[in-house]
Every structure is written in C-alpha cells, then in structure tokens.
Amino acid sequence: MYLYNSASHKKEEFVPNHPDIVKMYTCGPTVYHYAHIGNLRSYIMEDVLEKYLRFLGYHVKRVMNITDVGHLSSDADTGEDKMLKGAKREHKSVMEIARFYTDAFFDDCRKLNIKRPDVVEPATNCIDEYIKIITKLIDTGYAYLAGGNVYFDTSKLKRYYIFNDHNEEDLAVGVREGVEEDANKRNKNDFVLWFTKSKFEDQALKWDSPWGVGYPGWHIECSGISMKHLGEDLDIHCGGVDNMFPHHTNEIAQSESYLGHKWTNYWVHVAHLNTADGKMSKSKGEFLTVSLLEEKGYDPIAYRFFCLQSHYRKSLVFTWEHLDNAQKAFEKLIARIAALAPDDGAVDEAALAQYREKFVAQMDNDLNTPNGVTALYDVLKAPANGATKRAILAALDAVLGLRLLEKADALREKNAKAAASGGAAFTIVAEDGVGDAAVEALIRARAEAKRAKDFAEADRIRDELKAQGVELTDIPNGAKWKRG
C-alpha cells in the first residue's frame with residue numbers, strides 16, 4: 001500500500017512501526033457549531049482509510065480529539081474564541097455547547113456511515129498531559145514565558161516549515177490581514193502553549209498551572225491526547241489541508257522537541273470541498289450541513305458517494321447539480337444491486353478473491369476511491385451469479401461504506417410491497433415456462449426505472465438483458481421474455 005506523505009511530498013510504501021497495530025490519529029471537530037459538509041469530507045476519507053487498513057488485515061487503533069476549549073481563530077491572542085462565541089450565541093455554558101455539538105457531530109457521522117474512532121477524547125480531559133509537556137519544553141529551552149503566557153520558541157528548531165517551501169514572510173503566524181502581531185513573542189512564528197493573560201478575561205474554562213490560572217493553546221491538545229493514548233510514535237496523522245499550517249506544523253515542532261525523536265511517519269491531508277465561490281465555511285453563504293441535505297431530500301450516503309468519486313487529494317467543487325447527479329447515479333447503482341437474486345446459486349470464492357485483488361490494486365495506489373467505485377460497476381457486469389456478485393459487493397463496501405446491500409434489500413422489499421398493494425400487479429411471463437430469478441429481477445428493475453421516468457436506465461437494463469441473450473416484450477401490466 002502506498003500513501004502520499006505530505007511531509008515528504010511523495011508517495012511512500014506504508015510500513016507500520018509495529019507489526020501488530022497501526023496507530024492513527026485524526027484531528028477532531030471544534031464543537032462550537034454544526035460541522036459543515038466540507039469538514040465532513042475529511043472525516044469520510046479518513047474513515048475510508050481506517051476501514052481499508054482493517055480490510056488489509058491490520059489492527060488499527062484510531063484516536064480523535066474533541067476541541068472544547070481554547071481554540072482561537074488565529075494563533076496569536078487575537079480573533080474570536082470559537083467555544084466562547086458559540087456559548088454567547090446560544091446563551092448556554094461552554095460545556096453545554098460542547099456536549100450538544102459533540103452529539104450532533106457524531107449523529108452526522110452515523111448518517112454518513114463514518115465509524116466512531118476507538119478513542120474520542122475531549123481536550124478538557126487532558127490538562128495534566130499538556131502541563132507535563134510544556135514543563136519539559138521550558139526546562140529544555142524550547143519554550144519561554146512572556147507577558148504571562150508560555151510560548152514555543154521556533155528559533156530553536158533546525159527546520160520549522162515541514163509541509164511547504166513558502167517564504168517565511170508569507171507564513172507569519174498571526175500576522176494576517178486584520179490581525180495584530182503578538183508583541184510578547186520573541187519570533188513572529190512562535191505560538192502559545194499556555195494562556196494566563198488573554199483578551200478573553202471571561203474565559204469560562206481555566207485551570208491551575210505552574211504559570212498561573214489559565215488554559216492551553218490549541219496546538220498542544222493534539223500532542224497531549226495522542227501521546228496519552230498512542231504513546232511516543234504515530235503511524236498516521238490525518239486532517240484537512242487547512243490544518244497543515246500552522247496546526248500540524250506546530251504539533252510536530254512541540255512533539256518532536258518534547259520527545260527528542262521523530263513523532264509521525266505518514267501525514268495524510270484531505271483537500272478542500274469548495275463551493276463555486278471558493279472555500280466552504282460556516283460564516284459565508286448557505287450553511288451546508290447534513291441536516292440541510294436531508295431537508296432538501298438527499299440521502300447523506302449519496303453525499304459520501306459524491307466524495308468517493310473524487311480523489312482525496314483533489315479539491316472538490318460542490319454544487320446542487322453535482323449532488324443531484326451523484327444521487328441519481330447512486331440510486332441507479334442501488335437499483336441494479338436490488339435486481340440481483342440473493343439466493344441465485346453458491347458464492348464463487350475464486351471470483352470473490354479475484355475481484356478483491358483488483359480492488360486492492362486500485363486502493364493501494366494512495367487510496368484511489370474513484371477507481372474503487374468503478375470496481376463496483378465492474379462487479380455488476382461480471383459473468384457471475386447474483387450470490388457471488390452480492391458477496392463481492394459486500395466485501396468492497398466494507399471499505400467504501402455505502403451500505404449497498406442494506407439499501408438494495410430495502411428497495412427490493414419496497415418494490416415487493418408496492419406490487420402486493422393496490423393496482424394491477426406487474427406480471428412476468430417466461431415463454432418457455434422456466435423462470436430465472438436473476439433475469440426477472442432485472443426486468444422488475446427496468447419496470448421500476450420506467451415508472452420513475454428514468455428511461456435511460458430502463459434502456460440500459462434492456463441492453464444488459466439483450467447481451468445475456470434475453471428477448472423482452474412488453475405486455476399490459478407486465479413483460480414476457482425468452483432466451484434468443
């Protein structure tokens with residue numbers, strides 16, 4: 001398996017540090033509001049990566065943080081504290097906000113079939129870990145106190161910028177349009193490890209520390225949480241591309257300075273989901289959430305399907321038209337699977353192994369989900385019985401997470417109930433008197449497509465039947481067929 005490593009700027013063969021476990025860390029949400037679907041694209045792709053590792057036989061321990069304290073909108077003591085902003089907006093306490101939006105986030109994950117990580121740790125649970133790390137960084141000269149806060153001293157590093165070769169002037173932390181530079185810092189790239197003096201004097205959550213009552217900076221959270229649950233080395237660290245700088249850059253700086261050795265082997269970053277107007281955010285345009293997709297009649301899994309059709313390192317543009325197309329394609333895919341007879345013979349284990357191997361060849365190439373999705377259609381066109389095709393689809397869907405058989409079986413049941421209730425039943429007549437469950441399932445799927453006015457799909461099924469040597473004739477309230 002090869003993954004693109006953002007730290008080395010190339011694809012590398014994945015070799016875990018320990019043969020018995022893959023240690024995987026993913027940056028979690030800041031729970032001050034609902035996650036928008038751009039945020040959730042990253043979690044979908046990270047979910048696929050975890051499921052694929054398990055598919056390959058690895059034991060995976062995945063840890064995710066929940067940011068429920070101290071996340072400023074810039075890395076100086078400037079901007080808005082997102083948790084405090086959410087509390088003021090809804091006239092609730094910070095912890096009430098955190099609990100509500102944590103639950104909302106995982107409800108969205110459930111709808112998108114994103115597996116809950118093995119460990120989910122709120123940042124507020126790990127204050128002792130942060131204090132331990134910061135204390136050592138001060139003792140070893142990597143951190144200093146100024147103006148009541150503790151800062152990491154980036155001048156002590158041989159290399160600070162890990163993920164890019166940008167000019168330092170362009171990447172000055174906290175020095176952005178409309179943001180004042182923090183005068184307490186020795187170097188413009190230094191960042192806060194612990195706040196005791198902040199413009200947010202009404203900060204709701206504060207703790208005792210050797211440097212005074214205060215709260216942790218954002219970046220120290222992930223270092224502390226990952227070390228608590230995964231030890232001193234990581235195999236894979238994931239996140240959106242917007243986390244590369246400064247968040248992941250600062251994580252590496254503080255973690256490796258604390259540990260004295262390399263911390264993470266593979267950095268995997270998911271590209272943005274953009275709108276036609278640019279990067280998606282909560283603050284501009286229509287706030288695109290999973291709930292909004294549902295309100296507009298979309299299946300959340302169709303959004304997952306939409307994401308899988310693009311490579312995770314490629315920016316993806318969201319429009320309602322694009323989602324329409326994805327939902328229609330997904331519904332057609334489910335209809336074709338529903339047409340497979342589940343009891344149509346025994347599973348061909350050789351065919352199952354063959355298609356599994358083809359799928360692995362695609363996914364081993366830096367998690368190529370577009371080709372992984374194409375593999376589903378290859379299975380449907382395969383010269384195999386319905387039971388074998390369903391077994392192959394189930395195996396591949398353990399990674400893709402599209403709930404294919406679950407949705408196909410629900411559609412079969414729905415169609416059967418519709419045929420049994422009111423109106424003339426749809427009748428299928430085999431002219432030679434010998435039925436064929438797989439053929440008749442396709443004929444019913446064609447009738448369903450015609451009923452939905454999806455004539456392109458109806459024609460495609462008719463062509464598929466013709467390719468199987470089946471001659472089809474429409475009759476009132478049904479169809480008759482024979483082998484050519």
# chains A, B, ... in the order shown; residues from 1 in each chain; ligands from 1
call {"tool": "closest_atom_pairs", "arguments": {"of": "segment 93-187 of chain A", "to": "segment 37-40 of chain A", "cutoff": "12 Å", "atoms": "only C-alpha atoms", "output": "JSON lines"}}
result
{"residue": "A:Phe105", "atom": "CA", "partner": "A:Leu40", "partner_atom": "CA", "distance": 9.1}
{"residue": "A:Phe106", "atom": "CA", "partner": "A:Leu40", "partner_atom": "CA", "distance": 10.7}
{"residue": "A:Asp107", "atom": "CA", "partner": "A:Leu40", "partner_atom": "CA", "distance": 11.8}
{"residue": "A:Asp108", "atom": "CA", "partner": "A:Leu40", "partner_atom": "CA", "distance": 8.5}
{"residue": "A:Cys109", "atom": "CA", "partner": "A:Leu40", "partner_atom": "CA", "distance": 8.0}
{"residue": "A:Arg110", "atom": "CA", "partner": "A:Leu40", "partner_atom": "CA", "distance": 11.6}
{"residue": "A:Lys111", "atom": "CA", "partner": "A:Leu40", "partner_atom": "CA", "distance": 11.2}
{"residue": "A:Leu112", "atom": "CA", "partner": "A:Leu40", "partner_atom": "CA", "distance": 8.8}
{"residue": "A:Asn113", "atom": "CA", "partner": "A:Leu40", "partner_atom": "CA", "distance": 11.3}
{"residue": "A:Ile114", "atom": "CA", "partner": "A:Leu40", "partner_atom": "CA", "distance": 9.4}
call {"tool": "residues_around", "arguments": {"residues": "Ser257 of chain A", "least_positions_apart": "4", "cutoff": "9 Å", "atoms": "only C-alpha atoms", "output": "list in words"}}
result
Leu137, Thr140, Tyr142, Leu157, Ile252, Ala253 and His261 of chain A
call {"tool": "closest_residue", "arguments": {"among": "A:Lys228, A:Lys296, A:Lys407, A:His9", "to": "Asn125 of chain A", "atoms": "only C-alpha atoms"}}
result
A:Lys228
call {"tool": "atom_distance", "arguments": {"atom1": "atom CA of Asn477 of chain A", "atom2": "atom CA of Ile428 of chain A"}}
result
8.9 Å
call {"tool": "closest_residue", "arguments": {"among": "A:Ala398, A:Met227, A:Val192, A:Val241", "to": "Thr154 of chain A", "atoms": "only C-alpha atoms"}}
result
A:Val192
call {"tool": "closest_residue", "arguments": {"among": "A:Asn265, A:Ser223, A:Asn5, A:Thr374", "to": "Asn250 of chain A", "atoms": "only C-alpha atoms"}}
result
A:Ser223
call {"tool": "residues_around", "arguments": {"residues": "segment 236-240 of chain A", "least_positions_apart": "5", "cutoff": "6 Å", "atoms": "only C-alpha atoms", "output": "short mmCIF file (atom, residue, chain, number, x, y, z; two decimals) with N, CA and C atoms, in the first residue's frame"}}
result
data_model
loop_
_atom_site.label_atom_id
_atom_site.label_comp_id
_atom_site.auth_asym_id
_atom_site.auth_seq_id
_atom_site.Cartn_x
_atom_site.Cartn_y
_atom_site.Cartn_z
N MET A 24 -3.20 5.48 14.60
CA MET A 24 -3.73 6.50 13.70
C MET A 24 -4.41 7.61 14.52
N TYR A 25 -4.05 8.84 14.21
CA TYR A 25 -4.63 9.98 14.92
C TYR A 25 -5.28 10.91 13.91
N THR A 26 -6.50 11.36 14.21
CA THR A 26 -7.19 12.30 13.33
C THR A 26 -7.67 13.49 14.15
N CYS A 27 -7.41 14.69 13.62
CA CYS A 27 -7.88 15.90 14.29
C CYS A 27 -9.41 15.95 14.26
N SER A 42 -13.41 15.44 5.03
CA SER A 42 -12.17 14.91 5.62
C SER A 42 -12.46 13.67 6.45
N TYR A 266 3.63 9.15 8.69
CA TYR A 266 2.86 9.48 7.48
C TYR A 266 1.83 10.56 7.82
N TRP A 267 1.86 11.63 7.06
CA TRP A 267 0.89 12.71 7.21
C TRP A 267 -0.05 12.68 6.01
N VAL A 268 -1.34 12.50 6.28
CA VAL A 268 -2.35 12.38 5.22
C VAL A 268 -3.32 13.54 5.33
N HIS A 269 -3.40 14.35 4.28
CA HIS A 269 -4.25 15.54 4.29
C HIS A 269 -5.29 15.49 3.18
N VAL A 270 -6.51 15.81 3.54
CA VAL A 270 -7.65 15.78 2.60
C VAL A 270 -7.88 17.19 2.07
#
